[in-house]
file final-v8.cif (mmCIF, C-alpha atoms)
data_protein
#
loop_
_atom_site.label_atom_id
_atom_site.label_comp_id
_atom_site.auth_asym_id
_atom_site.auth_seq_id
_atom_site.Cartn_x
_atom_site.Cartn_y
_atom_site.Cartn_z
CA MET J 1 -36.83 -25.01 -11.05
CA LYS J 2 -35.02 -22.01 -9.60
CA ASN J 3 -31.28 -21.83 -9.42
CA ILE J 4 -29.80 -21.87 -5.96
CA ARG J 5 -26.78 -20.02 -4.54
CA ARG J 6 -25.10 -19.99 -1.16
CA ASN J 7 -25.76 -16.78 0.79
CA PRO J 8 -22.48 -14.84 0.55
CA ASP J 9 -22.85 -13.79 4.19
CA VAL J 10 -22.28 -17.40 5.19
CA VAL J 11 -18.54 -17.98 5.60
CA TRP J 12 -17.51 -21.59 5.10
CA ARG J 13 -14.53 -23.88 4.85
CA GLU J 14 -14.18 -27.50 3.85
CA GLU J 15 -12.19 -29.54 6.38
CA GLU J 16 -10.21 -31.67 3.97
CA ASP J 17 -8.60 -33.89 6.62
CA ALA J 18 -12.00 -34.66 8.10
CA ARG J 19 -13.45 -35.37 4.66
CA GLU J 20 -10.73 -37.89 3.87
CA GLU J 21 -11.29 -39.63 7.20
CA VAL J 22 -15.04 -39.82 6.63
CA ILE J 23 -14.63 -41.21 3.14
CA GLY J 24 -12.24 -43.81 4.52
CA ALA J 25 -14.73 -44.75 7.25
CA MET J 26 -17.55 -45.04 4.71
CA GLU J 27 -15.43 -47.30 2.52
CA ARG J 28 -14.93 -49.55 5.54
CA GLY J 29 -18.70 -49.64 6.05
CA GLU J 30 -18.63 -47.52 9.20
CA ASP J 31 -21.22 -44.90 10.11
CA ALA J 32 -19.63 -41.44 9.83
CA SER J 33 -22.82 -39.45 9.42
CA CYS J 34 -22.15 -37.40 12.58
CA GLU J 35 -18.72 -36.21 11.44
CA GLY J 36 -18.57 -32.64 10.16
CA THR J 37 -16.62 -31.98 6.97
CA VAL J 38 -17.68 -28.39 6.24
CA LEU J 39 -17.69 -25.56 8.78
CA LEU J 40 -20.17 -22.72 8.39
CA ILE J 41 -19.89 -19.48 10.32
CA VAL J 42 -23.06 -17.41 10.39
CA SER J 43 -23.41 -14.25 12.48
CA GLY J 44 -20.65 -15.38 14.78
CA MET J 45 -22.11 -18.85 15.33
CA MET J 46 -20.45 -21.97 14.01
CA HIS J 47 -22.15 -24.95 12.42
CA GLN J 48 -20.96 -28.16 10.79
CA LEU J 49 -22.30 -30.14 7.85
CA ASN J 50 -21.85 -33.88 7.58
CA ILE J 51 -20.52 -35.42 4.39
CA LEU J 52 -23.86 -35.52 2.56
CA GLY J 53 -24.78 -31.97 3.60
CA ALA J 54 -21.30 -30.78 2.71
CA GLU J 55 -21.37 -32.27 -0.78
CA ILE J 56 -24.77 -30.69 -1.41
CA TRP J 57 -23.55 -27.36 -0.02
CA LYS J 58 -20.58 -27.28 -2.37
CA LEU J 59 -22.89 -27.74 -5.35
CA LEU J 60 -24.99 -24.68 -4.57
CA ASP J 61 -23.26 -22.44 -7.05
CA GLY J 62 -26.23 -21.51 -9.20
CA ARG J 63 -27.57 -24.86 -10.37
CA ASP J 64 -31.12 -26.01 -9.67
CA GLU J 65 -32.34 -28.74 -7.31
CA SER J 66 -32.57 -31.47 -9.95
CA ALA J 67 -28.99 -30.81 -11.03
CA VAL J 68 -27.90 -31.12 -7.41
CA VAL J 69 -29.74 -34.45 -7.15
CA ASP J 70 -28.00 -35.68 -10.31
CA GLU J 71 -24.55 -34.93 -8.88
CA ILE J 72 -25.31 -36.46 -5.48
CA ALA J 73 -26.65 -39.60 -7.18
CA LYS J 74 -23.28 -40.00 -8.91
CA ALA J 75 -21.36 -39.66 -5.64
CA PHE J 76 -23.48 -41.66 -3.19
CA GLU J 77 -24.81 -45.20 -3.50
CA MET J 78 -28.37 -44.40 -2.54
CA ASP J 79 -31.64 -44.89 -4.41
CA ARG J 80 -32.80 -41.80 -6.28
CA PRO J 81 -36.10 -41.23 -4.39
CA THR J 82 -34.15 -41.18 -1.11
CA ILE J 83 -31.63 -38.71 -2.55
CA GLU J 84 -34.41 -36.50 -3.91
CA SER J 85 -36.09 -36.46 -0.53
CA ASP J 86 -32.86 -35.84 1.41
CA VAL J 87 -31.74 -33.04 -0.91
CA HIS J 88 -35.14 -31.37 -0.85
CA ASN J 89 -35.42 -31.49 2.93
CA PHE J 90 -31.89 -30.19 3.37
CA LEU J 91 -32.42 -27.31 0.96
CA THR J 92 -35.68 -26.42 2.67
CA ASP J 93 -33.83 -26.28 6.00
CA LEU J 94 -31.06 -24.10 4.53
CA ALA J 95 -33.61 -21.76 2.95
CA ASP J 96 -35.50 -21.44 6.25
CA ARG J 97 -32.24 -20.43 7.92
CA GLY J 98 -31.51 -17.89 5.17
CA TRP J 99 -28.27 -19.61 4.22
CA ILE J 100 -29.18 -20.08 0.54
CA LEU J 101 -30.86 -17.84 -1.99
CA TYR J 102 -33.19 -18.88 -4.83
CA GLU J 103 -32.58 -16.84 -7.97
CA GLN J 104 -35.64 -15.27 -9.56
CA MET H 1 -26.03 -30.98 10.38
CA SER H 2 -23.37 -32.47 12.57
CA ASN H 3 -22.69 -31.92 16.27
CA LYS H 4 -19.45 -33.78 16.81
CA SER H 5 -16.62 -31.94 18.59
CA ARG H 6 -13.35 -31.71 16.72
CA ILE H 7 -10.43 -29.29 16.48
CA PRO H 8 -10.60 -27.77 12.98
CA SER H 9 -7.74 -28.15 10.52
CA ALA H 10 -6.58 -24.56 11.06
CA PRO H 11 -7.74 -21.57 13.10
CA ILE H 12 -11.07 -19.99 12.23
CA THR H 13 -9.93 -16.61 13.49
CA ILE H 14 -6.54 -14.95 13.74
CA ASN H 15 -6.59 -12.20 16.33
CA TRP H 16 -3.82 -9.90 15.23
CA THR H 17 -2.17 -7.25 17.34
CA LEU H 18 -0.61 -5.17 14.57
CA ASN H 19 0.77 -2.70 17.10
CA PHE H 20 0.89 -2.31 20.85
CA SER H 21 1.02 1.49 20.58
CA CYS H 22 -2.13 3.24 21.73
CA ASN H 23 -3.53 6.74 22.11
CA PHE H 24 -5.40 5.63 25.28
CA SER H 25 -4.23 4.22 28.60
CA CYS H 26 -7.21 2.18 29.78
CA LYS H 27 -7.34 0.81 33.30
CA HIS H 28 -7.90 -2.79 32.22
CA CYS H 29 -5.60 -2.95 29.18
CA TYR H 30 -3.76 -6.26 28.71
CA SER H 31 -1.21 -4.80 26.30
CA ARG H 32 -0.28 -1.41 27.73
CA VAL H 33 2.89 -2.80 29.28
CA GLU H 34 4.04 -4.48 26.04
CA LYS H 35 6.82 -2.94 24.00
CA MET H 36 8.27 -4.51 20.87
CA ALA H 37 9.26 -3.73 17.31
CA GLU H 38 6.40 -3.84 14.81
CA LEU H 39 6.47 -5.75 11.56
CA SER H 40 6.78 -3.81 8.33
CA THR H 41 3.94 -3.65 5.83
CA GLU H 42 5.64 -6.22 3.60
CA GLN H 43 6.32 -8.60 6.50
CA ILE H 44 2.66 -8.50 7.49
CA LYS H 45 1.58 -9.16 3.91
CA GLU H 46 3.98 -12.10 3.77
CA ILE H 47 2.38 -13.61 6.88
CA MET H 48 -1.07 -12.96 5.45
CA ARG H 49 -0.12 -14.95 2.34
CA LYS H 50 1.33 -17.81 4.40
CA VAL H 51 -1.77 -18.06 6.60
CA ALA H 52 -4.19 -17.77 3.65
CA VAL H 53 -2.90 -21.11 2.36
CA TYR H 54 -4.80 -22.76 5.22
CA LYS H 55 -8.05 -20.93 4.44
CA VAL H 56 -8.32 -19.09 7.74
CA PRO H 57 -11.53 -17.13 7.14
CA PHE H 58 -11.28 -14.33 9.72
CA ILE H 59 -8.68 -11.77 10.79
CA ASN H 60 -9.54 -9.47 13.66
CA TYR H 61 -7.15 -6.65 14.48
CA GLY H 62 -6.80 -5.76 18.13
CA GLY H 63 -4.10 -3.84 19.82
CA GLY H 64 -2.94 -1.33 20.73
CA GLU H 65 -5.04 0.90 18.58
CA PRO H 66 -5.14 -0.37 14.98
CA LEU H 67 -5.92 3.08 13.55
CA LEU H 68 -2.47 4.25 14.62
CA ARG H 69 -0.94 2.08 11.90
CA LYS H 70 -0.66 4.22 8.80
CA ASP H 71 -0.87 1.15 6.55
CA LEU H 72 -4.03 -0.22 8.20
CA PHE H 73 -6.28 0.28 5.19
CA GLU H 74 -3.65 -0.93 2.73
CA LEU H 75 -3.22 -4.10 4.81
CA THR H 76 -6.96 -4.61 5.02
CA GLU H 77 -7.43 -4.21 1.29
CA TYR H 78 -4.67 -6.75 0.75
CA ALA H 79 -6.09 -9.21 3.28
CA THR H 80 -9.53 -8.89 1.70
CA SER H 81 -8.04 -9.65 -1.72
CA LEU H 82 -6.65 -12.88 -0.24
CA GLY H 83 -10.13 -13.93 0.87
CA TYR H 84 -10.07 -12.95 4.54
CA ASN H 85 -13.02 -11.42 6.33
CA VAL H 86 -11.39 -8.55 8.20
CA SER H 87 -12.63 -6.81 11.32
CA MET H 88 -11.06 -4.72 14.05
CA ASN H 89 -11.56 -3.57 17.58
CA THR H 90 -10.92 0.14 18.03
CA ASN H 91 -11.42 2.79 20.68
CA ALA H 92 -12.71 4.80 17.67
CA PHE H 93 -11.14 8.08 18.77
CA LEU H 94 -9.55 8.42 15.31
CA MET H 95 -12.53 7.08 13.38
CA ASN H 96 -13.58 10.30 11.68
CA GLU H 97 -15.61 10.58 8.48
CA GLU H 98 -12.58 10.10 6.27
CA ASN H 99 -11.40 6.97 8.07
CA ALA H 100 -14.91 5.55 8.07
CA ARG H 101 -14.97 5.94 4.28
CA LYS H 102 -11.54 4.32 4.02
CA ALA H 103 -12.69 1.46 6.25
CA LYS H 104 -15.57 0.80 3.88
CA GLU H 105 -13.37 1.02 0.78
CA ALA H 106 -10.68 -1.23 2.27
CA GLY H 107 -13.25 -3.95 2.83
CA PHE H 108 -13.74 -4.13 6.59
CA LYS H 109 -16.57 -6.58 7.18
CA THR H 110 -17.25 -5.21 10.64
CA VAL H 111 -15.75 -2.64 12.98
CA GLY H 112 -16.01 -3.11 16.72
CA ILE H 113 -16.09 -0.06 18.95
CA SER H 114 -15.07 -0.35 22.60
CA ILE H 115 -17.40 1.40 24.97
CA ASP H 116 -17.68 0.58 28.64
CA SER H 117 -20.35 2.81 30.10
CA THR H 118 -23.41 4.74 29.10
CA LYS H 119 -22.16 7.61 31.26
CA PRO H 120 -19.58 9.68 29.33
CA GLU H 121 -17.70 10.71 32.46
CA VAL H 122 -17.37 7.08 33.63
CA HIS H 123 -16.23 5.81 30.21
CA ASP H 124 -13.76 8.70 29.79
CA LYS H 125 -12.25 8.10 33.24
CA PHE H 126 -11.96 4.34 32.64
CA ARG H 127 -10.29 4.99 29.29
CA ASN H 128 -8.23 7.89 30.69
CA THR H 129 -9.20 10.05 27.72
CA PRO H 130 -11.58 13.02 27.99
CA GLY H 131 -14.13 13.11 25.19
CA SER H 132 -13.65 9.45 24.26
CA HIS H 133 -17.30 8.47 24.82
CA LYS H 134 -18.52 11.28 22.57
CA ARG H 135 -16.01 10.32 19.87
CA ALA H 136 -17.05 6.65 20.05
CA ILE H 137 -20.71 7.55 19.56
CA GLU H 138 -19.82 9.84 16.64
CA ALA H 139 -17.62 7.15 15.08
CA ALA H 140 -20.55 4.74 15.09
CA LYS H 141 -22.58 7.29 13.14
CA PHE H 142 -19.81 7.79 10.57
CA LEU H 143 -19.41 4.05 10.08
CA ARG H 144 -23.12 3.42 9.72
CA GLU H 145 -23.40 6.26 7.19
CA GLN H 146 -20.79 4.42 5.13
CA GLY H 147 -22.68 1.15 5.50
CA VAL H 148 -19.99 -0.51 7.62
CA ARG H 149 -21.42 -3.17 9.90
CA LEU H 150 -20.90 -2.30 13.52
CA THR H 151 -20.33 -4.22 16.73
CA VAL H 152 -19.74 -2.93 20.24
CA SER H 153 -17.38 -4.40 22.82
CA SER H 154 -17.74 -3.79 26.54
CA VAL H 155 -15.43 -5.17 29.18
CA ILE H 156 -17.60 -6.13 32.10
CA CYS H 157 -16.15 -4.98 35.42
CA ARG H 158 -17.09 -3.08 38.55
CA ILE H 159 -17.95 0.16 36.70
CA ASN H 160 -20.67 -1.39 34.55
CA TYR H 161 -21.81 -4.86 35.61
CA GLN H 162 -25.00 -3.53 37.15
CA GLU H 163 -25.91 -1.48 34.08
CA PHE H 164 -25.08 -3.92 31.30
CA ASP H 165 -28.69 -3.74 30.11
CA LEU H 166 -28.15 -0.03 29.46
CA LEU H 167 -24.99 -0.86 27.52
CA VAL H 168 -27.11 -3.14 25.34
CA GLU H 169 -29.63 -0.35 24.73
CA GLN H 170 -26.81 2.08 23.94
CA ALA H 171 -25.29 -0.36 21.42
CA LYS H 172 -28.70 -0.73 19.74
CA SER H 173 -29.06 3.03 19.48
CA MET H 174 -25.60 3.17 17.86
CA GLY H 175 -26.80 0.79 15.14
CA ALA H 176 -24.68 -2.17 16.25
CA GLU H 177 -25.58 -5.70 15.17
CA GLN H 178 -23.86 -7.28 18.14
CA ILE H 179 -22.59 -6.36 21.57
CA SER H 180 -19.85 -8.49 23.09
CA LEU H 181 -19.86 -8.48 26.88
CA HIS H 182 -16.26 -9.47 27.52
CA ASN H 183 -15.18 -10.93 30.81
CA TYR H 184 -12.47 -9.11 32.72
CA LYS H 185 -8.97 -10.52 32.25
CA CYS H 186 -6.20 -10.19 34.83
CA THR H 187 -3.43 -9.56 32.32
CA GLY H 188 -1.23 -6.46 32.04
CA MET H 189 -3.02 -3.47 33.58
CA GLY H 190 -5.93 -5.80 34.20
CA MET H 191 -3.77 -7.55 36.80
CA THR H 192 -2.53 -4.27 38.30
CA ASN H 193 -6.09 -2.99 38.74
CA LYS H 194 -7.73 -6.32 39.51
CA ASP H 195 -8.73 -5.48 43.08
CA GLU H 196 -10.42 -2.27 41.97
CA LEU H 197 -12.19 -3.61 38.87
CA ASP H 198 -12.68 -7.38 38.90
CA LEU H 199 -15.85 -8.93 40.35
CA SER H 200 -16.16 -11.67 42.90
CA PRO H 201 -17.24 -15.12 41.67
CA GLU H 202 -20.69 -14.52 43.17
CA GLU H 203 -20.99 -11.21 41.34
CA TRP H 204 -19.97 -12.91 38.08
CA CYS H 205 -22.66 -15.53 38.63
CA ASP H 206 -25.26 -12.86 39.27
CA PHE H 207 -24.19 -10.93 36.17
CA TYR H 208 -24.28 -13.97 33.88
CA MET H 209 -27.66 -15.14 35.17
CA LYS H 210 -29.16 -11.77 34.28
CA ALA H 211 -27.26 -11.38 31.00
CA ILE H 212 -28.27 -14.84 29.77
CA GLU H 213 -31.88 -14.05 30.61
CA LEU H 214 -31.69 -10.78 28.67
CA ARG H 215 -29.99 -12.50 25.73
CA ALA H 216 -32.82 -15.02 25.49
CA LYS H 217 -35.47 -12.34 25.04
CA GLU H 218 -33.50 -9.65 23.20
CA THR H 219 -34.40 -9.44 19.52
CA GLY H 220 -32.87 -6.10 18.48
CA ILE H 221 -29.22 -7.06 18.82
CA ARG H 222 -27.08 -10.18 19.30
CA ILE H 223 -25.57 -10.41 22.76
CA SER H 224 -22.31 -12.34 22.79
CA MET H 225 -20.67 -13.68 25.95
CA ASP H 226 -17.77 -15.92 25.16
CA ASP H 227 -17.03 -17.25 28.62
CA PRO H 228 -16.86 -21.01 29.19
CA ILE H 229 -17.75 -20.79 32.89
CA THR H 230 -21.33 -20.00 31.95
CA ALA H 231 -21.68 -23.72 31.15
CA SER H 232 -22.66 -24.29 34.78
CA ILE H 233 -25.79 -22.14 34.43
CA HIS H 234 -26.55 -22.41 30.75
CA LYS H 235 -26.25 -25.32 28.39
CA ALA H 236 -24.10 -24.34 25.42
CA PRO H 237 -25.91 -24.05 22.11
CA GLU H 238 -25.77 -27.11 19.85
CA GLN H 239 -23.56 -25.37 17.35
CA THR H 240 -20.67 -25.08 19.82
CA ILE H 241 -18.07 -27.26 18.15
CA VAL H 242 -15.52 -27.17 20.95
CA LYS H 243 -15.95 -26.91 24.69
CA GLY H 244 -14.13 -24.73 27.19
CA SER H 245 -11.87 -21.90 26.04
CA THR H 246 -11.82 -21.50 22.28
CA CYS H 247 -8.25 -20.13 22.31
CA GLY H 248 -5.90 -22.55 20.59
CA LYS H 249 -8.91 -24.58 19.40
CA LEU H 250 -10.64 -22.12 17.08
CA SER H 251 -8.32 -19.12 17.21
CA LEU H 252 -4.73 -17.98 17.57
CA ASN H 253 -3.15 -14.63 18.33
CA ILE H 254 -0.36 -12.88 16.42
CA ARG H 255 1.62 -10.24 18.25
CA ALA H 256 3.15 -7.10 16.76
CA ASN H 257 6.46 -8.83 15.98
CA GLY H 258 4.90 -11.94 14.41
CA ASP H 259 5.06 -14.07 17.54
CA VAL H 260 2.15 -16.47 17.95
CA THR H 261 0.38 -17.04 21.26
CA PRO H 262 -2.75 -19.10 22.00
CA CYS H 263 -4.64 -15.90 22.77
CA GLY H 264 -3.88 -12.26 23.47
CA PHE H 265 -4.19 -12.83 27.19
CA ILE H 266 -1.77 -15.76 27.38
CA PRO H 267 1.80 -14.47 26.92
CA VAL H 268 3.24 -17.85 25.97
CA VAL H 269 4.94 -17.71 22.59
CA ILE H 270 4.64 -20.90 20.50
CA GLY H 271 6.42 -19.64 17.38
CA ASN H 272 6.84 -16.76 14.98
CA LEU H 273 5.14 -16.64 11.60
CA LEU H 274 8.08 -14.96 9.91
CA VAL H 275 9.92 -18.26 10.25
CA ASP H 276 7.35 -20.88 11.27
CA ASP H 277 4.50 -22.44 9.34
CA LEU H 278 1.02 -21.93 10.78
CA LYS H 279 -0.03 -25.54 10.31
CA ASP H 280 3.13 -26.83 11.98
CA LEU H 281 2.36 -24.69 15.03
CA TRP H 282 -1.34 -25.56 15.01
CA ASP H 283 -0.74 -29.30 14.82
CA GLY H 284 2.56 -29.57 16.68
CA SER H 285 2.61 -27.07 19.55
CA LYS H 286 2.92 -28.75 22.95
CA VAL H 287 1.34 -25.69 24.55
CA LEU H 288 -1.75 -25.97 22.35
CA GLU H 289 -1.86 -29.70 23.03
CA ARG H 290 -1.95 -29.01 26.78
CA MET H 291 -4.72 -26.44 26.34
CA ARG H 292 -6.77 -28.85 24.23
CA ASN H 293 -6.34 -31.69 26.69
CA LYS H 294 -6.71 -30.09 30.07
CA GLU H 295 -6.73 -32.17 33.24
CA PRO H 296 -9.07 -31.16 36.06
CA LYS H 297 -7.41 -29.92 39.24
CA GLU H 298 -8.66 -29.04 42.70
CA LYS H 299 -12.42 -28.43 42.79
CA CYS H 300 -12.77 -29.21 39.07
CA LYS H 301 -11.96 -32.86 39.80
CA THR H 302 -15.35 -33.50 41.32
CA CYS H 303 -17.42 -30.88 39.49
CA LYS H 304 -20.28 -32.14 37.35
CA HIS H 305 -19.90 -29.17 35.00
CA TYR H 306 -16.29 -29.87 34.09
CA GLU H 307 -17.12 -31.82 30.94
CA ASP H 308 -18.89 -28.75 29.59
CA CYS H 309 -16.67 -25.88 30.81
CA LEU H 310 -13.29 -27.72 30.88
CA GLY H 311 -12.14 -25.58 33.76
CA GLY H 312 -13.30 -22.27 32.26
CA CYS H 313 -11.02 -19.60 30.83
CA SER H 314 -7.47 -20.91 30.45
CA ALA H 315 -6.08 -17.36 30.30
CA ARG H 316 -7.50 -16.42 33.70
CA ALA H 317 -6.28 -19.65 35.27
CA TYR H 318 -2.83 -19.18 33.79
CA ALA H 319 -2.62 -15.51 34.84
CA MET H 320 -3.44 -16.29 38.45
CA THR H 321 -1.60 -19.59 38.95
CA GLY H 322 0.70 -20.20 35.98
CA ASP H 323 -1.23 -23.40 35.23
CA PHE H 324 -3.87 -23.81 32.48
CA ASN H 325 -5.42 -26.65 34.47
CA SER H 326 -6.23 -24.63 37.58
CA PRO H 327 -9.89 -23.79 38.12
CA ASP H 328 -10.99 -20.50 36.58
CA PRO H 329 -10.69 -17.91 39.38
CA HIS H 330 -14.05 -16.43 38.33
CA CYS H 331 -15.84 -19.74 38.84
CA TRP H 332 -18.58 -19.59 41.47
CA VAL H 333 -19.27 -23.30 41.73
CA GLU H 334 -18.34 -24.54 45.19
CA ALA H 335 -16.00 -27.46 45.66
CA LYS H 336 -17.92 -30.68 46.28
CA LYS H 337 -17.32 -31.90 49.83
#
call {"tool": "encode", "arguments": {"input": "final-v8.cif", "output": "structure tokens"}}
result
Amino acid sequence: MKNIRRNPDVVWREEEDAREEVIGAMERGEDASCEGTVLLIVSGMMHQLNILGAEIWKLLDGRDESAVVDEIAKAFEMDRPTIESDVHNFLTDLADRGWILYEQ
Amino acid sequence: MSNKSRIPSAPITINWTLNFSCNFSCKHCYSRVEKMAELSTEQIKEIMRKVAVYKVPFINYGGGEPLLRKDLFELTEYATSLGYNVSMNTNAFLMNEENARKAKEAGFKTVGISIDSTKPEVHDKFRNTPGSHKRAIEAAKFLREQGVRLTVSSVICRINYQEFDLLVEQAKSMGAEQISLHNYKCTGMGMTNKDELDLSPEEWCDFYMKAIELRAKETGIRISMDDPITASIHKAPEQTIVKGSTCGKLSLNIRANGDVTPCGFIPVVIGNLLVDDLKDLWDGSKVLERMRNKEPKEKCKTCKHYEDCLGGCSARAYAMTGDFNSPDPHCWVEAKK
């Protein structure tokens, strides 16, 4: 598997207050999947990642997809096939947008 | 992805007027009438450090003319070392080969050149400086030769609204990645010359209809139009995380003496970063609270677009009426009978 890095042209910031609120909501069993916890600014346009996307995004520092799945599996109570599918689909979307780079 | 609207924890962009001094005297300038002491190099660096704590990703220098500050490149190098992405808006008259090289070395992510017409004589008259169009075009070449990413800013007004498509072509030929078609603001000289330069609401509607159509099919350059009143003719893109004016929601403005205002066109001081903490102002300012929670007035009360435009540009409303909640004077939507 190829190692993956965030495109350095993508400027981003974790919204720590929002992240704490989302984690609190999840602990109470509430749906917080629409809440953004990471802001991305790309070519002047702004985007948000929800908690799952944000945690994946933060891991894209040069590790490969399976290593990302391992870390997400530790953090989220989801079955592994679902995590593998979610991570793969998300990374495919990011790659299509040019926001991540696969190292050769 | 997420699409929920929320005020971020701190500004995304600090628009920073390092100096109000300028080598031009443009007909529309918001800041030409401003006079105040400028911060020292060390005071500016101190504010940069204080703001960096909150991970503000972008600083954009406006003015005044930033290139008149002798410490501009030193400040930019320092800001870059703190993690900021630094850009500036310049009339480019002083952007010679040497300064273009310094801009690259200091770490400018982009440089924005102001240019308001494709006709040199029209641009030079508007900017009150002979030869300024030629110098702006040359500056673009110097910057591109250094590999500095380029944007172009044009203030849309009576001299150019019918030839904005030519401005787009000119920006492409200069090597710009983006052209920002700024709406005319009635602040400073912009208020003095409003009758001569501003458009009627119907003319603004006509301009935006055509500009949005061009933006949809243009592939050679990004066309930016940051004007909330376009919500009545164009649904905002999904990635818009706040509605209405972005001032005080995504950005703040620092003036030459460290005073903070919601934007450069709203002369309401909410604090000073030599003594105040950015986060305290961002979370606690009553002025920002009012701007983030506007109440519809007059024709906005019954307008179906209000939930998307939130009354349009707060700066224009404030300049004309002294009330953020007043309808944007550029708005063309008729009051519902």
call {"tool": "interface_residues", "arguments": {"input": "final-v8.cif", "of": "chain J", "to": "chain H", "cutoff": "8 Å", "atoms": "all atoms listed in the file", "output": "PyMOL selection string"}}
result
chain J and resi 11-13+15-17+33-36+45-50+53
call {"tool": "write_last_selection", "arguments": {"input": "final-v8.cif", "atoms": "C-alpha atoms", "output": "PDB file, in the frame of the given file"}}
result
ATOM      1  CA  VAL J  11     -18.540 -17.980   5.600  1.00  0.00           C
ATOM      2  CA  TRP J  12     -17.510 -21.590   5.100  1.00  0.00           C
ATOM      3  CA  ARG J  13     -14.530 -23.880   4.850  1.00  0.00           C
ATOM      4  CA  GLU J  15     -12.190 -29.540   6.380  1.00  0.00           C
ATOM      5  CA  GLU J  16     -10.210 -31.670   3.970  1.00  0.00           C
ATOM      6  CA  ASP J  17      -8.600 -33.890   6.620  1.00  0.00           C
ATOM      7  CA  SER J  33     -22.820 -39.450   9.420  1.00  0.00           C
ATOM      8  CA  CYS J  34     -22.150 -37.400  12.580  1.00  0.00           C
ATOM      9  CA  GLU J  35     -18.720 -36.210  11.440  1.00  0.00           C
ATOM     10  CA  GLY J  36     -18.570 -32.640  10.160  1.00  0.00           C
ATOM     11  CA  MET J  45     -22.110 -18.850  15.330  1.00  0.00           C
ATOM     12  CA  MET J  46     -20.450 -21.970  14.010  1.00  0.00           C
ATOM     13  CA  HIS J  47     -22.150 -24.950  12.420  1.00  0.00           C
ATOM     14  CA  GLN J  48     -20.960 -28.160  10.790  1.00  0.00           C
ATOM     15  CA  LEU J  49     -22.300 -30.140   7.850  1.00  0.00           C
ATOM     16  CA  ASN J  50     -21.850 -33.880   7.580  1.00  0.00           C
ATOM     17  CA  GLY J  53     -24.780 -31.970   3.600  1.00  0.00           C
TER      18      GLY J  53
END
call {"tool": "resolve_selection", "arguments": {"input": "final-v8.cif", "expression": "the PyMOL selection byres ((chain H and resi 152-163) around 9)", "output": "ChimeraX atom specification"}}
result
/H:28,89,111-118,122-123,126,150-151,164-168,171,174,176-185,196-199,203-204,207
call {"tool": "residues_around", "arguments": {"input": "final-v8.cif", "residues": "Asn7 of chain J", "least_positions_apart": "6", "cutoff": "9 Å", "atoms": "only C-alpha atoms", "output": "list of chain:residue names"}}
result
J:Gly98, J:Trp99, J:Ile100, J:Leu101
call {"tool": "atom_distance", "arguments": {"input": "final-v8.cif", "atom1": "atom CA of Cys205 of chain H", "atom2": "atom CA of Ala231 of chain H"}}
result
11.1 Å
call {"tool": "axis_aligned_box", "arguments": {"input": "final-v8.cif", "around": "segment 291-307 of chain H", "padding_each_side": "3 Å", "output": "AutoDock Vina command-line options"}}
result
--center_x -12.5 --center_y -30.0 --center_z 33.5 --size_x 21.6 --size_y 13.1 --size_z 24.6
call {"tool": "closest_residue", "arguments": {"input": "final-v8.cif", "among": "J:Val22, J:Val68, J:Asp96, J:Leu59", "to": "Ile83 of chain J", "atoms": "only C-alpha atoms"}}
result
J:Val68
call {"tool": "atom_distance", "arguments": {"input": "final-v8.cif", "atom1": "atom CA of Thr13 of chain H", "atom2": "atom CA of Phe73 of chain H"}}
result
19.2 Å
call {"tool": "closest_residue", "arguments": {"input": "final-v8.cif", "among": "J:Arg28, J:Arg97, J:Arg19, J:Lys2", "to": "Arg63 of chain J", "atoms": "only C-alpha atoms"}}
result
J:Lys2
call {"tool": "closest_residue", "arguments": {"input": "final-v8.cif", "among": "J:Glu77, J:Glu65, J:Asp70, J:Glu20", "to": "Tyr102 of chain J", "atoms": "only C-alpha atoms"}}
result
J:Glu65
call {"tool": "resolve_selection", "arguments": {"input": "final-v8.cif", "expression": "the PyMOL selection byres ((chain H and resi 45) around 10)", "output": "list in words"}}
result
Leu39, Ser40, Thr41, Glu42, Gln43, Ile44, Glu46, Ile47, Met48, Arg49, Lys50, Val51, Glu74, Leu75, Thr76, Tyr78, Ala79 and Leu82 of chain H
call {"tool": "atom_distance", "arguments": {"input": "final-v8.cif", "atom1": "atom CA of Ala319 of chain H", "atom2": "atom CA of Ile14 of chain H"}}
result
21.5 Å
call {"tool": "resolve_selection", "arguments": {"input": "final-v8.cif", "expression": "the PyMOL selection byres ((chain H and resi 130-132) around 9)", "output": "list in words"}}
result
Asn91, Ala92, Phe93, Ile115, Pro120, Glu121, His123, Asp124, Lys125, Arg127, Asn128, Thr129, His133, Lys134, Arg135, Ala136 and Ile137 of chain H
call {"tool": "residues_around", "arguments": {"input": "final-v8.cif", "residues": "Ala75 of chain J", "least_positions_apart": "3", "cutoff": "12 Å", "atoms": "only C-alpha atoms", "output": "list in words"}}
result
Ile23, Ile51, Leu52, Glu55, Ile56, Val68, Val69, Asp70, Glu71, Ile72, Met78, Asp79, Arg80 and Ile83 of chain J
call {"tool": "write_last_selection", "arguments": {"input": "final-v8.cif", "atoms": "C-alpha atoms", "output": "tab-separated table (two decimals), keeping the file's coordinate frame"}}
result
chain	number	residue	atom	x	y	z
J	23	ILE	CA	-14.63	-41.21	3.14
J	51	ILE	CA	-20.52	-35.42	4.39
J	52	LEU	CA	-23.86	-35.52	2.56
J	55	GLU	CA	-21.37	-32.27	-0.78
J	56	ILE	CA	-24.77	-30.69	-1.41
J	68	VAL	CA	-27.90	-31.12	-7.41
J	69	VAL	CA	-29.74	-34.45	-7.15
J	70	ASP	CA	-28.00	-35.68	-10.31
J	71	GLU	CA	-24.55	-34.93	-8.88
J	72	ILE	CA	-25.31	-36.46	-5.48
J	78	MET	CA	-28.37	-44.40	-2.54
J	79	ASP	CA	-31.64	-44.89	-4.41
J	80	ARG	CA	-32.80	-41.80	-6.28
J	83	ILE	CA	-31.63	-38.71	-2.55
